[in-house]
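Undergrad: Can you keep this structure in mind? I'll have questions shortly.
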Amino acid sequence: MLCLSGLSVALALALVPGSVKALKEGDCEVCVTFLGKFYQTLKDSDTKFNSADIEKALTASCKDARGKENRFCYYIGATSDAATKMVNEVSKPLSYHVPVEKICEKLKKKDSQICELRYDKQLDLTTVDLKKLKVKDLKKILEEWGESCKGCAEKSDFIRKITELMPKYAPAAAKARTDL
């Protein structure tokens with residue numbers, strides 16, 4: 001009887017699919033995009049492709065990262081406040097010119113949260129009606145620009161601040177808008 005139950009458990013485990021090897025389309029969006037841009041900057045700046053130099057460059061690049069890319073850097077341990085340290089899981093394969101998709105696949109096995117990161121949808125500031133957006137979305141626009149709205153209490157205050165700053169951060173959108 002014990003042998004039969006052990007056999008059935010082994011059969012069940014054999015039938016359950018293991019972890020998927022290849023990334024699906026749109027999977028690990030932030031990881032693939034961030035590491036792709038990072039790899040390109042390494043090639044453009046003629047950095048030596050050794051693990052230590054790549055790790056230093058990655059840490060420096062993560063200091064400037066914001067939003068989802070900053071969260072990615074936190075997950076791999078490239079920020080100062082990170083609890084874990086998996087930077088070598090990125091720097092070593094990059095030193096061998098391993099494709100970023102393969103690096104992200106391995107990172108997914110270590111921490112699945114890395115591949116759950118997705119970029120927020122970008123608003124088209126030329127056509128969007130700011131009055132119809134939620135305050136949360138208006139705050140997000142200002143945050144993306146690296147600005148804040150001190151003393152803003154109402155939605156109209158956020159809209160005013162965005163329309164003031166639009167020529168600086170989104171000049172094409174500011175020119176295209178007719179309601180300014």
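Chain identifiers are assigned as A, B, and so on, following the order in which chains appear in the structure tokens; residues are numbered from 1 within each chain, and ligands are numbered from 1 in order of appearance.
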Just the residues within 12 Å of region 156-160 of chain A, please, counting only C-alpha atoms, with nothing from its chain fewer than 5 positions along; format it as a tab-separated table (two decimals) with N, CA, C and O atoms, in the first residue's frame.
TA:
chain	number	residue	atom	x	y	z
A	125	LEU	N	-0.18	63.17	-22.96
A	125	LEU	CA	-0.50	64.49	-22.42
A	125	LEU	C	-1.03	65.45	-23.47
A	125	LEU	O	-1.58	66.50	-23.11
A	128	VAL	N	-5.06	64.00	-23.36
A	128	VAL	CA	-5.78	63.63	-22.15
A	128	VAL	C	-6.42	64.86	-21.51
A	128	VAL	O	-5.87	65.96	-21.53
A	129	ASP	N	-7.62	64.66	-20.97
A	129	ASP	CA	-8.31	65.72	-20.24
A	129	ASP	C	-7.89	65.61	-18.78
A	129	ASP	O	-8.30	64.68	-18.06
A	130	LEU	N	-7.06	66.54	-18.32
A	130	LEU	CA	-6.53	66.49	-16.96
A	130	LEU	C	-7.63	66.54	-15.91
A	130	LEU	O	-7.49	65.98	-14.83
A	131	LYS	N	-8.74	67.19	-16.25
A	131	LYS	CA	-9.84	67.32	-15.28
A	131	LYS	C	-10.53	65.98	-15.03
A	131	LYS	O	-11.15	65.79	-13.99
A	132	LYS	N	-10.39	65.05	-15.97
A	132	LYS	CA	-11.03	63.74	-15.81
A	132	LYS	C	-10.13	62.71	-15.13
A	132	LYS	O	-10.59	61.64	-14.78
A	133	LEU	N	-8.86	63.06	-14.94
A	133	LEU	CA	-7.94	62.13	-14.27
A	133	LEU	C	-8.15	62.16	-12.77
A	133	LEU	O	-8.62	63.15	-12.21
A	134	LYS	N	-7.76	61.07	-12.11
A	134	LYS	CA	-7.81	61.01	-10.66
A	134	LYS	C	-6.61	61.76	-10.10
A	134	LYS	O	-5.58	61.92	-10.77
A	135	VAL	N	-6.72	62.22	-8.87
A	135	VAL	CA	-5.62	62.94	-8.21
A	135	VAL	C	-4.38	62.05	-8.16
A	135	VAL	O	-3.25	62.52	-8.33
A	136	LYS	N	-4.59	60.75	-7.96
A	136	LYS	CA	-3.48	59.79	-7.93
A	136	LYS	C	-2.69	59.83	-9.23
A	136	LYS	O	-1.45	59.82	-9.23
A	137	ASP	N	-3.39	59.91	-10.37
A	137	ASP	CA	-2.73	59.96	-11.67
A	137	ASP	C	-2.02	61.30	-11.88
A	137	ASP	O	-0.94	61.35	-12.47
A	138	LEU	N	-2.61	62.38	-11.38
A	138	LEU	CA	-1.97	63.68	-11.48
A	138	LEU	C	-0.69	63.72	-10.65
A	138	LEU	O	0.33	64.26	-11.08
A	139	LYS	N	-0.74	63.11	-9.47
A	139	LYS	CA	0.46	63.03	-8.63
A	139	LYS	C	1.54	62.20	-9.32
A	139	LYS	O	2.73	62.51	-9.23
A	140	LYS	N	1.12	61.14	-10.02
A	140	LYS	CA	2.07	60.27	-10.70
A	140	LYS	C	2.78	61.02	-11.83
A	140	LYS	O	3.98	60.83	-12.05
A	141	ILE	N	2.06	61.88	-12.53
A	141	ILE	CA	2.68	62.69	-13.59
A	141	ILE	C	3.77	63.57	-12.99
A	141	ILE	O	4.89	63.63	-13.48
A	142	LEU	N	3.45	64.23	-11.89
A	142	LEU	CA	4.43	65.10	-11.24
A	142	LEU	C	5.62	64.30	-10.72
A	142	LEU	O	6.77	64.73	-10.81
A	143	GLU	N	5.35	63.11	-10.18
A	143	GLU	CA	6.41	62.25	-9.66
A	143	GLU	C	7.36	61.81	-10.76
A	143	GLU	O	8.57	61.77	-10.58
A	147	GLU	N	8.95	66.22	-9.70
A	147	GLU	CA	8.39	67.40	-9.05
A	147	GLU	C	7.37	66.98	-8.00
A	147	GLU	O	6.90	65.84	-7.99
A	148	SER	N	7.06	67.91	-7.11
A	148	SER	CA	6.00	67.68	-6.14
A	148	SER	C	5.15	68.94	-6.07
A	148	SER	O	5.55	69.99	-6.56
A	149	CYS	N	4.01	68.82	-5.47
A	149	CYS	CA	3.09	69.95	-5.38
A	149	CYS	C	2.85	70.25	-3.90
A	149	CYS	O	1.91	69.73	-3.30
A	150	LYS	N	3.72	71.05	-3.35
A	150	LYS	CA	3.58	71.42	-1.94
A	150	LYS	C	2.39	72.38	-1.80
A	150	LYS	O	2.24	73.32	-2.56
A	151	GLY	N	1.57	72.11	-0.84
A	151	GLY	CA	0.43	72.98	-0.58
A	151	GLY	C	-0.76	72.72	-1.47
A	151	GLY	O	-1.74	73.45	-1.41
A	165	LEU	N	4.20	73.32	-15.46
A	165	LEU	CA	5.44	72.60	-15.70
A	165	LEU	C	5.49	71.89	-17.05
A	165	LEU	O	6.56	71.43	-17.47
A	166	MET	N	4.36	71.79	-17.73
A	166	MET	CA	4.32	71.04	-18.98
A	166	MET	C	5.29	71.58	-20.04
A	166	MET	O	5.95	70.78	-20.72
A	179	ASP	N	-6.15	73.91	-24.72
A	179	ASP	CA	-6.89	74.42	-23.57
A	179	ASP	C	-6.01	75.19	-22.60
A	179	ASP	O	-6.45	75.55	-21.51
A	180	LEU	N	-4.77	75.46	-22.94
A	180	LEU	CA	-3.87	76.19	-22.04
A	180	LEU	C	-4.07	77.67	-22.12
A	180	LEU	O	-4.32	78.32	-22.99
Undergrad: Identify, on the basis of only C-alpha atoms, every residue whose closest approach to Cys31 (chain A) does not exceed 8 Å; exclude the query and any residue fewer than 4 positions from it along the same chain; express the result as a ChimeraX atom specification.
TA: /A:35,69,72,104,114-115,117
Undergrad: Restricting it to all heavy atoms, dump the selection as a short mmCIF file (atom, residue, chain, number, x, y, z; two decimals), in the first residue's frame.
TA:
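So out_14.cif came out as:
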data_model
loop_
_atom_site.label_atom_id
_atom_site.label_comp_id
_atom_site.auth_asym_id
_atom_site.auth_seq_id
_atom_site.Cartn_x
_atom_site.Cartn_y
_atom_site.Cartn_z
N LEU A 35 17.92 46.19 -17.99
CA LEU A 35 19.22 45.56 -18.25
C LEU A 35 19.67 45.76 -19.69
O LEU A 35 20.86 45.87 -19.97
CB LEU A 35 19.18 44.08 -17.90
CG LEU A 35 19.11 43.74 -16.42
CD1 LEU A 35 19.10 42.23 -16.20
CD2 LEU A 35 20.24 44.38 -15.63
N GLU A 69 11.90 50.85 -12.16
CA GLU A 69 13.30 50.49 -12.31
C GLU A 69 14.03 50.54 -10.97
O GLU A 69 14.88 49.71 -10.69
CB GLU A 69 13.98 51.40 -13.35
CG GLU A 69 13.46 51.14 -14.74
CD GLU A 69 14.07 52.03 -15.80
OE1 GLU A 69 14.76 53.01 -15.44
OE2 GLU A 69 13.86 51.74 -16.99
N PHE A 72 13.14 47.39 -9.22
CA PHE A 72 13.95 46.29 -9.75
C PHE A 72 15.34 46.30 -9.11
O PHE A 72 15.85 45.26 -8.69
CB PHE A 72 14.06 46.40 -11.28
CG PHE A 72 15.08 45.49 -11.88
CD1 PHE A 72 14.85 44.12 -11.97
CD2 PHE A 72 16.30 45.97 -12.34
CE1 PHE A 72 15.80 43.27 -12.51
CE2 PHE A 72 17.25 45.13 -12.87
CZ PHE A 72 17.00 43.78 -12.96
N CYS A 104 17.38 37.52 -16.97
CA CYS A 104 16.09 37.72 -16.32
C CYS A 104 15.40 36.39 -16.01
O CYS A 104 14.71 36.27 -15.00
CB CYS A 104 15.19 38.62 -17.17
SG CYS A 104 15.78 40.33 -17.23
N ILE A 114 10.63 39.86 -9.39
CA ILE A 114 11.37 40.62 -10.39
C ILE A 114 10.61 40.63 -11.72
O ILE A 114 10.53 41.65 -12.38
CB ILE A 114 12.79 40.03 -10.56
CG1 ILE A 114 13.62 40.34 -9.31
CG2 ILE A 114 13.47 40.55 -11.81
CD1 ILE A 114 14.95 39.67 -9.25
N CYS A 115 10.03 39.52 -12.08
CA CYS A 115 9.32 39.44 -13.36
C CYS A 115 7.87 39.90 -13.27
O CYS A 115 7.19 39.97 -14.28
CB CYS A 115 9.41 38.03 -13.92
SG CYS A 115 11.04 37.70 -14.60
N LEU A 117 7.16 42.88 -12.17
CA LEU A 117 7.20 44.33 -12.35
C LEU A 117 6.79 44.68 -13.77
O LEU A 117 7.27 44.10 -14.74
CB LEU A 117 8.61 44.87 -12.09
CG LEU A 117 9.08 44.88 -10.66
CD1 LEU A 117 10.56 45.24 -10.59
CD2 LEU A 117 8.27 45.86 -9.84
#
Undergrad: Could you check which of A:Lys56, A:Lys43, A:Arg118, A:Lys168 is closest to Ser91 (chain A), using only C-alpha atoms?
TA: A:Lys56
Undergrad: Between A:Arg71, A:Lys121, A:Lys92, A:Lys85, which residue has the minimum interatomic distance to Val30 (chain A), considering only C-alpha atoms?
TA: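 Under the stated criterion, the closest residue is A:Arg71.
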Undergrad: Pick out the closest residue to Thr41 (chain A) from this set: A:Ser61, A:Ala153, A:Ala83, A:Tyr74. Count only C-alpha atoms.
TA: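 Answer, going by the shortest atom-to-atom distance: A:Ser61.
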Undergrad: Point out the residue among A:Tyr96, A:Asp46, A:Tyr119, A:Ala78 with the least atom-to-atom distance to Val32 (chain A), counting only C-alpha atoms.
TA: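 Using only C-alpha atoms, Val32 (chain A) sits closest to A:Tyr119.
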Undergrad: Using DSSP secondary structure from the backbone, list all helix (DSSP H, G or I) positions within region 21-51 of chain A, as a PyMOL selection string.
TA: chain A and resi 29-44+51
Undergrad: Please, could you write that set of residues out with N, CA and C atoms as a CSV table (one decimal), in the first residue's frame?
TA:
chain,number,residue,atom,x,y,z
A,29,GLU,N,9.2,42.5,-18.0
A,29,GLU,CA,9.3,43.8,-18.8
A,29,GLU,C,10.3,44.7,-18.3
A,30,VAL,N,10.3,45.0,-17.0
A,30,VAL,CA,11.2,46.0,-16.4
A,30,VAL,C,12.6,45.5,-16.4
A,31,CYS,N,12.8,44.2,-16.1
A,31,CYS,CA,14.1,43.6,-16.0
A,31,CYS,C,14.8,43.6,-17.4
A,32,VAL,N,14.1,43.2,-18.4
A,32,VAL,CA,14.7,43.1,-19.8
A,32,VAL,C,15.0,44.5,-20.3
A,33,THR,N,14.1,45.5,-20.1
A,33,THR,CA,14.3,46.8,-20.6
A,33,THR,C,15.4,47.5,-19.8
A,34,PHE,N,15.4,47.4,-18.5
A,34,PHE,CA,16.4,48.1,-17.7
A,34,PHE,C,17.8,47.5,-18.0
A,35,LEU,N,17.9,46.2,-18.0
A,35,LEU,CA,19.2,45.6,-18.2
A,35,LEU,C,19.7,45.8,-19.7
A,36,GLY,N,18.7,45.8,-20.6
A,36,GLY,CA,19.1,46.1,-22.0
A,36,GLY,C,19.7,47.5,-22.2
A,37,LYS,N,19.0,48.5,-21.6
A,37,LYS,CA,19.6,49.8,-21.6
A,37,LYS,C,20.9,49.9,-20.9
A,38,PHE,N,21.0,49.2,-19.8
A,38,PHE,CA,22.3,49.2,-19.0
A,38,PHE,C,23.4,48.6,-19.8
A,39,TYR,N,23.1,47.4,-20.4
A,39,TYR,CA,24.1,46.7,-21.3
A,39,TYR,C,24.6,47.6,-22.4
A,40,GLN,N,23.7,48.3,-23.0
A,40,GLN,CA,24.0,49.2,-24.1
A,40,GLN,C,24.9,50.4,-23.7
A,41,THR,N,24.6,50.9,-22.5
A,41,THR,CA,25.5,52.0,-21.9
A,41,THR,C,26.9,51.5,-21.6
A,42,LEU,N,27.0,50.2,-21.2
A,42,LEU,CA,28.3,49.6,-20.9
A,42,LEU,C,29.1,49.5,-22.2
A,43,LYS,N,28.4,49.1,-23.3
A,43,LYS,CA,29.1,48.9,-24.6
A,43,LYS,C,29.5,50.3,-25.1
A,44,ASP,N,28.6,51.3,-25.0
A,44,ASP,CA,28.9,52.6,-25.5
A,44,ASP,C,30.0,53.3,-24.7
A,51,SER,N,33.4,41.5,-13.8
A,51,SER,CA,32.3,41.5,-12.9
A,51,SER,C,32.3,42.7,-11.9
Undergrad: Could you check the closest approach to Glu89 (chain A) for each of A:Leu107, A:Cys28, A:Ala52, A:Ala172 and tell me which residue wins, using only C-alpha atoms?
TA: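 Using only C-alpha atoms, Glu89 (chain A) sits closest to A:Leu107.
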Undergrad: Could you please determine the separation between CA of Met86 (chain A) and CA of Lys109 (chain A) in Å, to one decimal place?
TA: 12.2 Å
Undergrad: Could you check which of A:His97, A:Tyr169, A:Glu144, A:Lys175 is closest to Ala65 (chain A), using only C-alpha atoms?
TA: A:Glu144
Undergrad: What does the structure give for the distance between CA of Glu101 (chain A) and CA of Lys24 (chain A), in Å to one decimal?
TA: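 Distance between the two atoms: 10.3 Å.
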Undergrad: To one decimal place, how far is CA of Ile54 (chain A) from CA of Asp81 (chain A) in Å?
TA: 19.6 Å
